[in-house]
$ cat target-v6.tsv   # TSV, C-alpha atoms and all ligand atoms
chain	number	residue	atom	x	y	z
A	12	MET	CA	11.69	-2.34	-11.40
A	13	PRO	CA	14.22	-3.05	-14.14
A	14	ARG	CA	12.67	-4.78	-17.12
A	15	SER	CA	14.88	-7.82	-16.70
A	16	SER	CA	13.73	-8.60	-13.18
A	17	ALA	CA	11.07	-11.15	-12.27
A	18	PRO	CA	8.77	-11.61	-9.30
A	19	VAL	CA	9.31	-14.58	-7.05
A	20	GLU	CA	7.38	-15.44	-3.94
A	21	GLY	CA	8.83	-14.66	-0.57
A	22	ARG	CA	7.48	-13.89	2.91
A	23	GLY	CA	3.94	-13.40	1.69
A	24	ARG	CA	4.69	-10.73	-0.90
A	25	CYS	CA	6.13	-10.70	-4.37
A	26	VAL	CA	9.81	-9.83	-4.31
A	27	ARG	CA	12.17	-9.52	-7.22
A	28	THR	CA	15.46	-10.86	-8.38
A	29	SER	CA	17.66	-9.87	-11.27
A	30	HIS	CA	19.49	-13.17	-11.34
A	31	THR	CA	19.66	-14.21	-14.99
A	32	LYS	CA	19.77	-17.94	-14.37
A	33	LYS	CA	16.64	-17.73	-12.30
A	34	HIS	CA	14.94	-15.88	-15.16
A	35	GLU	CA	15.89	-18.59	-17.58
A	36	ARG	CA	14.54	-21.24	-15.24
A	37	ILE	CA	11.26	-19.38	-14.77
A	38	GLU	CA	11.00	-18.94	-18.52
A	39	ARG	CA	11.43	-22.67	-19.07
A	40	MET	CA	8.87	-23.56	-16.40
A	41	SER	CA	6.21	-21.01	-17.24
A	42	GLY	CA	6.60	-20.72	-20.99
A	43	ILE	CA	6.96	-16.95	-20.97
A	44	SER	CA	9.74	-14.51	-20.57
A	45	PRO	CA	9.34	-12.96	-17.10
A	46	THR	CA	9.30	-9.41	-18.35
A	47	GLU	CA	7.53	-6.56	-16.67
A	48	ASN	CA	4.88	-6.66	-19.37
A	49	ALA	CA	3.94	-10.17	-18.27
A	50	ARG	CA	2.61	-8.79	-15.00
A	51	VAL	CA	-0.87	-7.59	-15.84
A	52	ALA	CA	-3.68	-8.32	-13.41
A	53	LEU	CA	-7.42	-7.88	-13.80
A	54	LEU	CA	-9.34	-7.74	-10.52
A	55	THR	CA	-13.15	-7.70	-10.49
A	56	GLY	CA	-14.91	-6.22	-7.46
A	57	ALA	CA	-11.87	-4.17	-6.50
A	58	GLY	CA	-13.50	-0.75	-6.29
A	59	SER	CA	-14.52	-0.79	-2.64
A	60	PRO	CA	-11.87	1.16	-0.63
A	61	ARG	CA	-11.99	-1.30	2.30
A	62	GLY	CA	-12.36	-4.47	0.23
A	63	ILE	CA	-10.17	-7.49	-0.46
A	64	GLY	CA	-9.87	-6.51	-4.13
A	65	ARG	CA	-8.55	-3.06	-3.25
A	66	ALA	CA	-5.98	-4.54	-0.83
A	67	THR	CA	-4.87	-6.91	-3.60
A	68	ALA	CA	-4.58	-4.04	-6.06
A	69	ASP	CA	-2.53	-2.05	-3.51
A	70	GLN	CA	0.00	-4.83	-3.14
A	71	LEU	CA	0.22	-5.66	-6.83
A	72	VAL	CA	0.79	-2.04	-7.80
A	73	ARG	CA	3.48	-1.70	-5.13
A	74	ASP	CA	5.12	-4.80	-6.60
A	75	GLY	CA	5.20	-3.28	-10.07
A	76	TRP	CA	2.19	-4.95	-11.67
A	77	ASN	CA	-0.07	-3.29	-14.21
A	78	VAL	CA	-3.54	-3.54	-12.69
A	79	ALA	CA	-7.09	-3.20	-13.99
A	80	ILE	CA	-9.63	-2.48	-11.27
A	81	LEU	CA	-13.13	-3.47	-12.35
A	82	ASP	CA	-16.28	-2.82	-10.35
A	83	ILE	CA	-20.00	-2.24	-10.78
A	84	ASP	CA	-19.33	1.08	-9.07
A	85	GLY	CA	-17.42	2.64	-11.96
A	86	GLU	CA	-16.59	5.84	-10.09
A	87	ALA	CA	-15.11	3.88	-7.19
A	88	ALA	CA	-13.04	1.83	-9.64
A	89	GLN	CA	-11.75	5.00	-11.29
A	90	ARG	CA	-10.98	6.64	-7.93
A	91	ALA	CA	-9.05	3.57	-6.79
A	92	ALA	CA	-7.11	3.51	-10.06
A	93	ASP	CA	-6.25	7.22	-9.79
A	94	GLU	CA	-5.03	6.81	-6.20
A	95	LEU	CA	-2.92	3.78	-7.03
A	96	GLN	CA	-1.53	5.23	-10.24
A	97	SER	CA	-0.03	8.07	-8.22
A	98	GLN	CA	1.71	5.49	-6.00
A	99	ALA	CA	2.95	3.19	-8.80
A	100	PRO	CA	6.69	2.72	-8.27
A	101	ASN	CA	7.65	2.34	-11.93
A	102	ASP	CA	5.91	2.90	-15.20
A	103	ASN	CA	3.30	0.28	-14.29
A	104	LYS	CA	-0.21	1.39	-15.22
A	105	VAL	CA	-3.47	1.23	-13.28
A	106	VAL	CA	-6.88	1.55	-14.91
A	107	GLY	CA	-10.40	1.61	-13.47
A	108	VAL	CA	-13.33	0.32	-15.50
A	109	ARG	CA	-17.02	-0.18	-14.75
A	110	VAL	CA	-18.37	-3.69	-15.19
A	111	ASP	CA	-21.40	-5.69	-14.20
A	112	VAL	CA	-19.95	-9.20	-14.09
A	113	SER	CA	-23.42	-10.72	-14.39
A	114	ASP	CA	-23.86	-9.15	-17.86
A	115	PRO	CA	-21.76	-10.77	-20.62
A	116	THR	CA	-21.93	-7.66	-22.84
A	117	SER	CA	-20.66	-5.48	-20.02
A	118	VAL	CA	-17.88	-8.00	-19.34
A	119	ASP	CA	-16.89	-8.10	-23.01
A	120	ASP	CA	-16.79	-4.29	-23.22
A	121	ALA	CA	-14.85	-3.89	-19.97
A	122	VAL	CA	-12.23	-6.51	-20.84
A	123	ALA	CA	-11.83	-4.97	-24.31
A	124	GLU	CA	-11.16	-1.61	-22.62
A	125	VAL	CA	-8.52	-3.21	-20.41
A	126	GLU	CA	-6.91	-4.96	-23.37
A	127	HIS	CA	-6.73	-1.62	-25.15
A	128	ALA	CA	-5.13	0.14	-22.18
A	129	LEU	CA	-2.73	-2.51	-20.87
A	130	PRO	CA	-0.48	-5.29	-22.17
A	131	PRO	CA	-2.05	-8.78	-22.36
A	132	ILE	CA	-3.71	-9.95	-19.13
A	133	THR	CA	-1.73	-12.65	-17.31
A	134	ALA	CA	-3.65	-12.86	-14.03
A	135	LEU	CA	-7.32	-12.67	-13.11
A	136	ALA	CA	-8.98	-12.63	-9.71
A	137	ASN	CA	-12.74	-13.03	-9.56
A	138	LEU	CA	-13.56	-11.06	-6.43
A	139	ALA	CA	-16.87	-9.40	-7.35
A	140	GLY	CA	-19.48	-10.65	-4.95
A	141	ILE	CA	-22.62	-9.81	-3.02
A	142	SER	CA	-23.84	-11.14	0.30
A	143	SER	CA	-27.24	-12.69	1.02
A	144	PRO	CA	-28.35	-12.95	4.64
A	145	THR	CA	-31.86	-14.16	3.72
A	146	SER	CA	-32.88	-17.53	5.18
A	147	PHE	CA	-34.01	-20.42	2.99
A	148	LEU	CA	-37.76	-20.13	3.62
A	149	GLU	CA	-37.68	-16.39	2.96
A	150	ILE	CA	-35.47	-16.06	-0.09
A	151	SER	CA	-37.17	-15.13	-3.37
A	152	SER	CA	-36.18	-16.61	-6.71
A	153	LYS	CA	-35.15	-13.08	-7.73
A	154	GLU	CA	-32.63	-12.77	-4.90
A	155	TRP	CA	-31.41	-16.33	-5.47
A	156	ASP	CA	-30.86	-15.62	-9.17
A	157	ARG	CA	-29.02	-12.34	-8.50
A	158	VAL	CA	-26.62	-13.90	-5.98
A	159	LEU	CA	-25.82	-16.78	-8.30
A	160	ALA	CA	-25.54	-14.41	-11.30
A	161	VAL	CA	-22.95	-12.17	-9.63
A	162	ASN	CA	-21.01	-14.63	-7.49
A	163	LEU	CA	-20.88	-17.65	-9.80
A	164	THR	CA	-22.01	-16.82	-13.34
A	165	GLY	CA	-19.98	-13.61	-13.16
A	166	ALA	CA	-16.80	-15.63	-12.63
A	167	PHE	CA	-17.78	-17.79	-15.61
A	168	PHE	CA	-18.31	-14.78	-17.91
A	169	VAL	CA	-15.10	-13.00	-16.93
A	170	SER	CA	-12.94	-16.14	-16.91
A	171	GLN	CA	-14.21	-17.29	-20.31
A	172	ARG	CA	-13.56	-13.84	-21.79
A	173	VAL	CA	-10.03	-13.63	-20.35
A	174	VAL	CA	-8.84	-17.23	-20.54
A	175	ARG	CA	-8.84	-17.42	-24.34
A	176	GLY	CA	-5.91	-14.99	-24.48
A	177	MET	CA	-4.13	-16.85	-21.70
A	178	ILE	CA	-4.49	-20.10	-23.65
A	179	ASP	CA	-3.18	-18.45	-26.82
A	180	ARG	CA	-0.16	-17.12	-24.92
A	181	ARG	CA	0.30	-20.38	-22.98
A	182	TYR	CA	0.35	-18.65	-19.62
A	183	GLY	CA	-2.12	-17.49	-17.00
A	184	ARG	CA	-3.21	-17.35	-13.39
A	185	ILE	CA	-6.83	-17.37	-12.27
A	186	VAL	CA	-7.91	-17.05	-8.63
A	187	ASN	CA	-11.56	-17.38	-7.60
A	188	ILE	CA	-12.60	-15.96	-4.27
A	189	SER	CA	-14.91	-18.49	-2.65
A	190	SER	CA	-15.74	-18.45	1.07
A	191	ILE	CA	-15.71	-20.54	4.22
A	192	SER	CA	-19.50	-20.39	3.75
A	193	ALA	CA	-19.05	-22.89	0.92
A	194	GLN	CA	-17.49	-25.36	3.34
A	195	ARG	CA	-19.54	-24.70	6.49
A	196	GLY	CA	-22.88	-23.66	4.97
A	197	GLY	CA	-22.75	-20.05	6.05
A	198	GLY	CA	-22.64	-19.35	9.75
A	199	THR	CA	-21.04	-15.93	9.56
A	200	TYR	CA	-23.53	-13.66	7.79
A	201	SER	CA	-24.73	-15.02	4.46
A	202	LYS	CA	-26.95	-18.05	4.05
A	203	VAL	CA	-28.09	-20.55	1.40
A	204	ALA	CA	-27.78	-18.64	-1.87
A	205	TYR	CA	-24.38	-17.23	-1.00
A	206	SER	CA	-23.09	-20.58	0.28
A	207	ALA	CA	-24.35	-22.34	-2.86
A	208	SER	CA	-22.73	-19.75	-5.13
A	209	LYS	CA	-19.41	-19.99	-3.31
A	210	ALA	CA	-19.52	-23.80	-3.28
A	211	GLY	CA	-20.23	-23.66	-7.01
A	212	LEU	CA	-17.02	-21.67	-7.43
A	213	LEU	CA	-15.02	-24.57	-5.94
A	214	GLY	CA	-16.30	-27.02	-8.58
A	215	PHE	CA	-15.87	-24.36	-11.25
A	216	THR	CA	-12.26	-23.84	-10.17
A	217	ARG	CA	-11.36	-27.53	-10.32
A	218	ALA	CA	-13.11	-28.22	-13.62
A	219	LEU	CA	-11.58	-25.17	-15.31
A	220	ALA	CA	-8.16	-26.08	-13.92
A	221	ARG	CA	-8.44	-29.47	-15.65
A	222	GLU	CA	-9.25	-27.89	-19.01
A	223	VAL	CA	-6.60	-25.18	-19.11
A	224	GLY	CA	-3.64	-26.69	-17.27
A	225	GLU	CA	-2.05	-28.01	-20.44
A	226	PHE	CA	-1.84	-24.41	-21.69
A	227	GLY	CA	0.12	-23.18	-18.68
A	228	VAL	CA	-2.90	-21.65	-16.95
A	229	THR	CA	-3.43	-22.34	-13.24
A	230	VAL	CA	-6.82	-21.96	-11.54
A	231	ASN	CA	-7.17	-21.87	-7.77
A	232	ALA	CA	-9.75	-20.93	-5.16
A	233	VAL	CA	-9.31	-18.94	-1.98
A	234	ALA	CA	-11.87	-19.44	0.79
A	235	PRO	CA	-11.70	-16.61	3.33
A	236	GLY	CA	-13.33	-16.71	6.72
A	237	PRO	CA	-14.74	-13.48	8.19
A	238	ILE	CA	-12.73	-10.54	6.87
A	239	ASP	CA	-13.02	-6.93	8.01
A	240	THR	CA	-14.72	-5.43	4.93
A	241	ASP	CA	-18.14	-3.89	4.39
A	242	ILE	CA	-19.78	-6.87	2.65
A	243	MET	CA	-21.52	-8.23	5.75
A	244	GLY	CA	-24.17	-5.50	5.95
A	245	GLY	CA	-21.79	-2.54	6.39
A	246	THR	CA	-18.71	-1.70	8.42
A	247	LEU	CA	-18.32	-4.13	11.32
A	248	THR	CA	-18.65	-2.86	14.89
A	249	ALA	CA	-16.15	-3.92	17.57
A	250	SER	CA	-18.69	-6.27	19.14
A	251	ARG	CA	-19.54	-7.84	15.77
A	252	LYS	CA	-15.84	-8.40	15.11
A	253	ALA	CA	-15.47	-10.05	18.52
A	254	GLU	CA	-18.45	-12.28	17.77
A	255	LEU	CA	-17.07	-13.26	14.35
A	256	SER	CA	-13.63	-14.02	15.75
A	257	GLU	CA	-15.04	-16.66	18.12
A	258	GLY	CA	-13.91	-20.09	16.99
A	259	THR	CA	-10.86	-18.84	15.14
A	260	ILE	CA	-7.53	-20.13	16.41
A	261	MET	CA	-5.93	-16.75	15.85
A	262	GLY	CA	-8.54	-14.98	17.98
A	263	ARG	CA	-9.37	-12.27	15.45
A	264	ILE	CA	-11.12	-11.75	12.16
A	265	GLY	CA	-9.01	-11.36	9.05
A	266	THR	CA	-7.91	-8.21	7.27
A	267	PRO	CA	-8.21	-7.72	3.51
A	268	PHE	CA	-4.40	-7.84	3.40
A	269	ASP	CA	-4.41	-11.38	4.84
A	270	VAL	CA	-6.24	-12.50	1.70
A	271	ALA	CA	-4.41	-10.19	-0.71
A	272	ALA	CA	-1.05	-11.72	0.25
A	273	LEU	CA	-2.24	-15.14	-0.87
A	274	VAL	CA	-3.75	-13.91	-4.13
A	275	CYS	CA	-0.48	-12.15	-4.90
A	276	PHE	CA	1.46	-15.34	-4.21
A	277	LEU	CA	-0.84	-17.39	-6.47
A	278	PHE	CA	-0.39	-14.78	-9.24
A	279	GLY	CA	3.38	-15.23	-9.15
A	280	GLU	CA	5.35	-17.09	-11.78
A	281	SER	CA	6.75	-19.32	-9.06
A	282	ALA	CA	3.24	-20.65	-8.21
A	283	GLY	CA	3.04	-22.46	-11.56
A	284	TYR	CA	2.69	-25.97	-10.11
A	285	ILE	CA	-0.25	-25.06	-7.87
A	286	THR	CA	-3.62	-25.58	-9.51
A	287	ALA	CA	-7.13	-26.81	-8.63
A	288	ALA	CA	-6.36	-26.04	-4.99
A	289	THR	CA	-8.57	-24.38	-2.38
A	290	TYR	CA	-6.80	-22.28	0.21
A	291	ASP	CA	-8.38	-21.56	3.59
A	292	VAL	CA	-7.67	-18.08	4.98
A	293	ASN	CA	-9.73	-18.09	8.13
A	294	GLY	CA	-7.49	-18.01	11.20
A	295	GLY	CA	-8.19	-21.71	11.82
A	296	LEU	CA	-11.98	-21.41	11.88
A	297	GLN	CA	-12.26	-24.46	9.63
A	298	ILE	CA	-11.40	-26.84	12.48
A	299	SER	CA	-13.62	-25.31	15.12
B	301	LIG	N1	-15.39	-10.11	3.75
B	301	LIG	C1	-15.56	-11.39	4.04
B	301	LIG	O1	-15.77	-11.77	5.19
B	301	LIG	C2	-15.51	-12.41	2.95
B	301	LIG	C3	-15.41	-13.75	3.30
B	301	LIG	C4	-15.38	-14.71	2.32
B	301	LIG	C5	-15.43	-14.34	0.98
B	301	LIG	N2	-15.52	-13.04	0.65
B	301	LIG	C6	-15.59	-12.70	-0.77
B	301	LIG	O2	-14.55	-11.81	-1.12
B	301	LIG	C7	-14.93	-11.07	-2.27
B	301	LIG	C8	-14.63	-9.60	-2.02
B	301	LIG	O3	-15.53	-9.15	-1.00
B	301	LIG	P1	-15.15	-8.05	0.07
B	301	LIG	O4	-15.28	-8.67	1.39
B	301	LIG	O5	-13.90	-7.38	-0.31
B	301	LIG	O6	-16.42	-7.09	-0.05
B	301	LIG	P2	-16.63	-5.74	-0.87
B	301	LIG	O7	-18.09	-5.47	-0.77
B	301	LIG	O8	-15.68	-4.71	-0.39
B	301	LIG	O9	-16.23	-6.13	-2.36
B	301	LIG	C9	-17.12	-6.65	-3.29
B	301	LIG	C10	-17.06	-5.76	-4.51
B	301	LIG	O10	-17.82	-6.37	-5.56
B	301	LIG	C11	-18.45	-5.31	-6.28
B	301	LIG	N3	-19.58	-5.86	-7.02
B	301	LIG	C12	-20.80	-6.25	-6.55
B	301	LIG	N4	-21.56	-6.66	-7.57
B	301	LIG	C13	-20.83	-6.53	-8.69
B	301	LIG	C14	-21.10	-6.80	-10.05
B	301	LIG	N5	-22.29	-7.28	-10.46
B	301	LIG	N6	-20.13	-6.57	-10.95
B	301	LIG	C15	-18.94	-6.07	-10.56
B	301	LIG	N7	-18.63	-5.79	-9.28
B	301	LIG	C16	-19.57	-6.03	-8.35
B	301	LIG	C17	-18.87	-4.33	-5.19
B	301	LIG	O11	-19.16	-3.06	-5.70
B	301	LIG	C18	-17.66	-4.37	-4.27
B	301	LIG	O12	-16.71	-3.39	-4.59
B	301	LIG	C19	-16.41	-11.37	-2.50
B	301	LIG	O13	-16.54	-12.32	-3.53
B	301	LIG	C20	-16.85	-11.98	-1.18
B	301	LIG	O14	-17.95	-12.85	-1.34
B	301	LIG	C21	-15.55	-12.06	1.60

$ encode --input "target-v6.tsv" --output "structure tokens"
Amino acid sequence: MPRSSAPVEGRGRCVRTSHTKKHERIERMSGISPTENARVALLTGAGSPRGIGRATADQLVRDGWNVAILDIDGEAAQRAADELQSQAPNDNKVVGVRVDVSDPTSVDDAVAEVEHALPPITALANLAGISSPTSFLEISSKEWDRVLAVNLTGAFFVSQRVVRGMIDRRYGRIVNISSISAQRGGGTYSKVAYSASKAGLLGFTRALAREVGEFGVTVNAVAPGPIDTDIMGGTLTASRKAELSEGTIMGRIGTPFDVAALVCFLFGESAGYITAATYDVNGGLQIS
């Protein structure tokens, strides 16, 4: 992509234009020059090859973004980065870094590594998450704490570490991956702890959006329904997919790319007036 071009949203993926007037308008609205260096995304929980984070990384790299893939499985993160680097269309860079989002020291170290390797981070997606199919009367305080630590406190640690730079530069995009479980109280696979953590992310999103909006930083939540990844106890069988698709208007479960398209849109410069929103990506399951 030529350095003077900027991403704008279109048909679910980021497309580019070299029209100078449009650049000037975007610059005025967003407070930054829409250069290639402004497109630097950090994705937590993007190491899994069949996950939503990986699908998001795929699309962003194709669209010319610099991408940092962070995951507790450091080897998977590195493998994903190596694969995507070889497909990067321009001189955009991809790095893979190990992180445990529930550990603030690990988060600080990982983000420092990204800051060393890439230009300043302009977009963050908090995707790292774990499921919890344990029912209320059975769940231990240890499991409860771990689910909340990864799914909710992890987003707090990573966002706080990254948002300071966004505030300084007066520009940023943060997307938190919640879940339809937050709205419906589970019902797909995970139960109380997961639903509570994902509901917590919705309040977190809105409150953070209030605090950072004046600095040009948007914060939004995405609440997927059942998506064909391995988080619900392993790779889904055909019969499990059929079961999970019941109640959706679209008659199927989602793909990681269905969610990635929305994250990519919310990362775009043209999404600068969208903040504190929660987007459903669930094939219509929310009205069943
Ligand atoms: N798949 C679905 O049906 C669905 C639905 C709603 C929401 N979500 C959410 O989407 C996000 C992505 O999940 P996915 O479906 O792609 O599953 P996934 O298991 O492929 O991805 C989750 C990733 O998080 C990583 N991770 C776990 N603990 C971590 C930690 N402490 N630090 C850093 N990384 C860690 C895992 O290694 C994994 O790569 C999760 O937050 C999940 O809760 C998924």

$ atom_distance --input "target-v6.tsv" --atom1 "atom N4 of ligand LIG 301 (chain B)" --atom2 "CA of Asp120 (chain A)"
16.5 Å

$ closest_residue --input "target-v6.tsv" --among "A:Arg195, A:Arg65, A:Arg175, A:Arg180" --to "ligand LIG 301 (chain B)" --atoms "all atoms listed in the file"
A:Arg65

$ closest_atom_pairs --input "target-v6.tsv" --of "chain A" --to "ligand LIG 301 (chain B)" --cutoff "6 Å" --atoms "only C-alpha atoms and all ligand atoms" --output "JSON lines"
{"residue": "A:Thr55", "atom": "CA", "partner": "B:LIG301", "partner_atom": "N7", "distance": 5.9}
{"residue": "A:Gly56", "atom": "CA", "partner": "B:LIG301", "partner_atom": "O10", "distance": 3.5}
{"residue": "A:Ala57", "atom": "CA", "partner": "B:LIG301", "partner_atom": "O12", "distance": 5.3}
{"residue": "A:Gly58", "atom": "CA", "partner": "B:LIG301", "partner_atom": "O12", "distance": 4.5}
{"residue": "A:Ser59", "atom": "CA", "partner": "B:LIG301", "partner_atom": "O12", "distance": 3.9}
{"residue": "A:Arg61", "atom": "CA", "partner": "B:LIG301", "partner_atom": "O8", "distance": 5.7}
{"residue": "A:Gly62", "atom": "CA", "partner": "B:LIG301", "partner_atom": "O5", "distance": 3.3}
{"residue": "A:Ile63", "atom": "CA", "partner": "B:LIG301", "partner_atom": "O5", "distance": 3.7}
{"residue": "A:Gly64", "atom": "CA", "partner": "B:LIG301", "partner_atom": "O5", "distance": 5.6}
{"residue": "A:Asp82", "atom": "CA", "partner": "B:LIG301", "partner_atom": "N7", "distance": 3.9}
{"residue": "A:Ile83", "atom": "CA", "partner": "B:LIG301", "partner_atom": "C15", "distance": 4.0}
{"residue": "A:Asp84", "atom": "CA", "partner": "B:LIG301", "partner_atom": "O11", "distance": 5.3}
{"residue": "A:Val110", "atom": "CA", "partner": "B:LIG301", "partner_atom": "C15", "distance": 5.2}
{"residue": "A:Asp111", "atom": "CA", "partner": "B:LIG301", "partner_atom": "N6", "distance": 3.6}
{"residue": "A:Val112", "atom": "CA", "partner": "B:LIG301", "partner_atom": "N6", "distance": 4.1}
{"residue": "A:Ser113", "atom": "CA", "partner": "B:LIG301", "partner_atom": "N5", "distance": 5.3}
{"residue": "A:Leu138", "atom": "CA", "partner": "B:LIG301", "partner_atom": "O13", "distance": 4.3}
{"residue": "A:Ala139", "atom": "CA", "partner": "B:LIG301", "partner_atom": "O10", "distance": 3.6}
{"residue": "A:Gly140", "atom": "CA", "partner": "B:LIG301", "partner_atom": "O13", "distance": 3.7}
{"residue": "A:Ile141", "atom": "CA", "partner": "B:LIG301", "partner_atom": "C12", "distance": 5.3}
{"residue": "A:Val161", "atom": "CA", "partner": "B:LIG301", "partner_atom": "N5", "distance": 5.0}
{"residue": "A:Ile188", "atom": "CA", "partner": "B:LIG301", "partner_atom": "O13", "distance": 5.4}
{"residue": "A:Ser189", "atom": "CA", "partner": "B:LIG301", "partner_atom": "C5", "distance": 5.5}
{"residue": "A:Ser190", "atom": "CA", "partner": "B:LIG301", "partner_atom": "C4", "distance": 4.0}
{"residue": "A:Pro235", "atom": "CA", "partner": "B:LIG301", "partner_atom": "C4", "distance": 4.3}
{"residue": "A:Gly236", "atom": "CA", "partner": "B:LIG301", "partner_atom": "C3", "distance": 5.0}
{"residue": "A:Pro237", "atom": "CA", "partner": "B:LIG301", "partner_atom": "O1", "distance": 3.6}
{"residue": "A:Ile238", "atom": "CA", "partner": "B:LIG301", "partner_atom": "O1", "distance": 3.7}
{"residue": "A:Asp239", "atom": "CA", "partner": "B:LIG301", "partner_atom": "N1", "distance": 5.8}
{"residue": "A:Thr240", "atom": "CA", "partner": "B:LIG301", "partner_atom": "O4", "distance": 4.8}
{"residue": "A:Asp241", "atom": "CA", "partner": "B:LIG301", "partner_atom": "O7", "distance": 5.4}
{"residue": "A:Ile242", "atom": "CA", "partner": "B:LIG301", "partner_atom": "O7", "distance": 4.1}

$ atom_distance --input "target-v6.tsv" --atom1 "CA of Asp69 (chain A)" --atom2 "CA of Tyr200 (chain A)"
26.5 Å

$ atom_distance --input "target-v6.tsv" --atom1 "CA of Val233 (chain A)" --atom2 "CA of Thr289 (chain A)"
5.5 Å

$ closest_residue --input "target-v6.tsv" --among "A:Glu222, A:Phe147, A:Ala232, A:Thr246" --to "Ser201 (chain A)" --atoms "only C-alpha atoms"
A:Phe147

$ closest_residue --input "target-v6.tsv" --among "A:Asp119, A:Gln70, A:Phe167, A:Glu124" --to "Val270 (chain A)" --atoms "only C-alpha atoms"
A:Gln70

$ build_atoms --input "target-v6.tsv" --residues "region 126-140 of chain A" --atoms "N, CA and C atoms" --output "PDB file, keeping the file's coordinate frame"
ATOM      1  N   GLU A 126      -7.872  -4.466 -22.370  1.00  0.00           N
ATOM      2  CA  GLU A 126      -6.910  -4.960 -23.370  1.00  0.00           C
ATOM      3  C   GLU A 126      -6.357  -3.810 -24.212  1.00  0.00           C
ATOM      4  N   HIS A 127      -7.177  -2.791 -24.396  1.00  0.00           N
ATOM      5  CA  HIS A 127      -6.730  -1.620 -25.150  1.00  0.00           C
ATOM      6  C   HIS A 127      -5.712  -0.802 -24.347  1.00  0.00           C
ATOM      7  N   ALA A 128      -5.939  -0.747 -23.029  1.00  0.00           N
ATOM      8  CA  ALA A 128      -5.130   0.140 -22.180  1.00  0.00           C
ATOM      9  C   ALA A 128      -3.845  -0.510 -21.665  1.00  0.00           C
ATOM     10  N   LEU A 129      -3.860  -1.827 -21.515  1.00  0.00           N
ATOM     11  CA  LEU A 129      -2.730  -2.510 -20.870  1.00  0.00           C
ATOM     12  C   LEU A 129      -2.181  -3.621 -21.769  1.00  0.00           C
ATOM     13  N   PRO A 130      -0.985  -4.100 -21.468  1.00  0.00           N
ATOM     14  CA  PRO A 130      -0.480  -5.290 -22.170  1.00  0.00           C
ATOM     15  C   PRO A 130      -1.394  -6.490 -21.854  1.00  0.00           C
ATOM     16  N   PRO A 131      -1.172  -7.618 -22.542  1.00  0.00           N
ATOM     17  CA  PRO A 131      -2.050  -8.780 -22.360  1.00  0.00           C
ATOM     18  C   PRO A 131      -2.183  -9.205 -20.884  1.00  0.00           C
ATOM     19  N   ILE A 132      -3.400  -9.582 -20.517  1.00  0.00           N
ATOM     20  CA  ILE A 132      -3.710  -9.950 -19.130  1.00  0.00           C
ATOM     21  C   ILE A 132      -3.077 -11.310 -18.814  1.00  0.00           C
ATOM     22  N   THR A 133      -2.328 -11.372 -17.716  1.00  0.00           N
ATOM     23  CA  THR A 133      -1.730 -12.650 -17.310  1.00  0.00           C
ATOM     24  C   THR A 133      -2.341 -13.198 -16.030  1.00  0.00           C
ATOM     25  N   ALA A 134      -3.077 -12.376 -15.289  1.00  0.00           N
ATOM     26  CA  ALA A 134      -3.650 -12.860 -14.030  1.00  0.00           C
ATOM     27  C   ALA A 134      -5.031 -12.261 -13.814  1.00  0.00           C
ATOM     28  N   LEU A 135      -5.937 -13.106 -13.365  1.00  0.00           N
ATOM     29  CA  LEU A 135      -7.320 -12.670 -13.110  1.00  0.00           C
ATOM     30  C   LEU A 135      -7.745 -13.125 -11.726  1.00  0.00           C
ATOM     31  N   ALA A 136      -8.329 -12.224 -10.959  1.00  0.00           N
ATOM     32  CA  ALA A 136      -8.980 -12.630  -9.710  1.00  0.00           C
ATOM     33  C   ALA A 136     -10.450 -12.259  -9.774  1.00  0.00           C
ATOM     34  N   ASN A 137     -11.293 -13.262  -9.607  1.00  0.00           N
ATOM     35  CA  ASN A 137     -12.740 -13.030  -9.560  1.00  0.00           C
ATOM     36  C   ASN A 137     -13.133 -12.771  -8.121  1.00  0.00           C
ATOM     37  N   LEU A 138     -13.235 -11.475  -7.795  1.00  0.00           N
ATOM     38  CA  LEU A 138     -13.560 -11.060  -6.430  1.00  0.00           C
ATOM     39  C   LEU A 138     -14.968 -10.484  -6.311  1.00  0.00           C
ATOM     40  N   ALA A 139     -15.560 -10.063  -7.425  1.00  0.00           N
ATOM     41  CA  ALA A 139     -16.870  -9.400  -7.350  1.00  0.00           C
ATOM     42  C   ALA A 139     -17.852 -10.330  -6.658  1.00  0.00           C
ATOM     43  N   GLY A 140     -18.538  -9.795  -5.675  1.00  0.00           N
ATOM     44  CA  GLY A 140     -19.480 -10.650  -4.950  1.00  0.00           C
ATOM     45  C   GLY A 140     -20.465  -9.822  -4.164  1.00  0.00           C
TER      46      GLY A 140
END
